[in-house]
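To start, the structure under review is shown below, and the notes come after it.
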Amino acid sequence: HAIRLATGNTMITDTRNDRILEVSSDGKIAWELNGHGDVKFGSPTYARRLKDGHTLVIHSSNRQMLEVDKYFKLYWKFMLPFEKPAVKA
């Protein structure tokens, strides 16, 4: 998943490599959040830059949402329990 930001950069959700990238128009990485640092996540499926500069990350396989600031500080995290299905079949 990729989104063009107001800055002209592109935010890329790199699911296979467990990271979110912001890439400039000349191909340089301007910002990178990976799931192996202080903020743990794996295989993100969606990311969006919010108006306040924070980034929302959704990891649907782990039923998890989180928000981080531009310095990678976790702002909040929500996770659905695994023992119950999210939707009844």
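Going through the structure tokens in order, the chains are called A, B, and so on, while each chain numbers its residues from 1 and the ligands are numbered from 1 in the order shown.
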Find the residues near region 42-58 of chain A: any atom within 6 Å, counting only C-alpha atoms, skip ones fewer than 5 places away on the same chain, and give them as a short mmCIF file (atom, residue, chain, number, x, y, z; two decimals) with N, CA and C atoms, in the first residue's frame.
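Output file out.cif is given in full below:
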```cif
data_model
loop_
_atom_site.label_atom_id
_atom_site.label_comp_id
_atom_site.auth_asym_id
_atom_site.auth_seq_id
_atom_site.Cartn_x
_atom_site.Cartn_y
_atom_site.Cartn_z
N THR A 13 3.73 1.10 2.73
CA THR A 13 3.59 0.03 3.71
C THR A 13 4.27 -1.20 3.12
N THR A 15 4.90 -4.58 3.70
CA THR A 15 4.41 -5.69 4.53
C THR A 15 5.44 -6.78 4.71
N ARG A 16 6.07 -7.21 3.65
CA ARG A 16 7.02 -8.34 3.72
C ARG A 16 8.25 -8.03 4.56
N ASP A 18 8.26 -5.81 7.17
CA ASP A 18 7.85 -5.31 8.48
C ASP A 18 8.22 -3.85 8.71
N GLY A 35 9.25 -2.75 12.51
CA GLY A 35 8.63 -3.43 13.63
C GLY A 35 9.60 -4.15 14.54
N MET A 65 -3.76 -2.06 15.94
CA MET A 65 -3.60 -0.70 15.43
C MET A 65 -2.71 0.04 16.40
N LEU A 66 -1.85 0.91 15.86
CA LEU A 66 -1.02 1.72 16.73
C LEU A 66 -0.74 3.07 16.08
N GLU A 67 -0.36 4.02 16.91
CA GLU A 67 -0.02 5.35 16.44
C GLU A 67 1.32 5.74 17.04
N VAL A 68 2.20 6.26 16.19
CA VAL A 68 3.52 6.71 16.64
C VAL A 68 3.74 8.16 16.19
N ASP A 69 4.60 8.87 16.93
CA ASP A 69 4.96 10.22 16.50
C ASP A 69 6.15 10.14 15.56
N LYS A 70 6.61 11.28 15.06
CA LYS A 70 7.69 11.28 14.07
C LYS A 70 9.03 10.82 14.63
#
```
Review point. As a VMD selection string, which residues of region 4-86 of chain A does DSSP assign to strand (DSSP E or B)?
Key: chain A and resid 4 10 to 14 19 to 23 29 to 34 36 40 46 to 49 55 to 59 64 to 68 74 to 79
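Across A:Phe72, A:Arg63, A:Gly8, A:Asp38, the tightest approach to Ser24 (chain A) is made by A:Gly8 when counting only C-alpha atoms.
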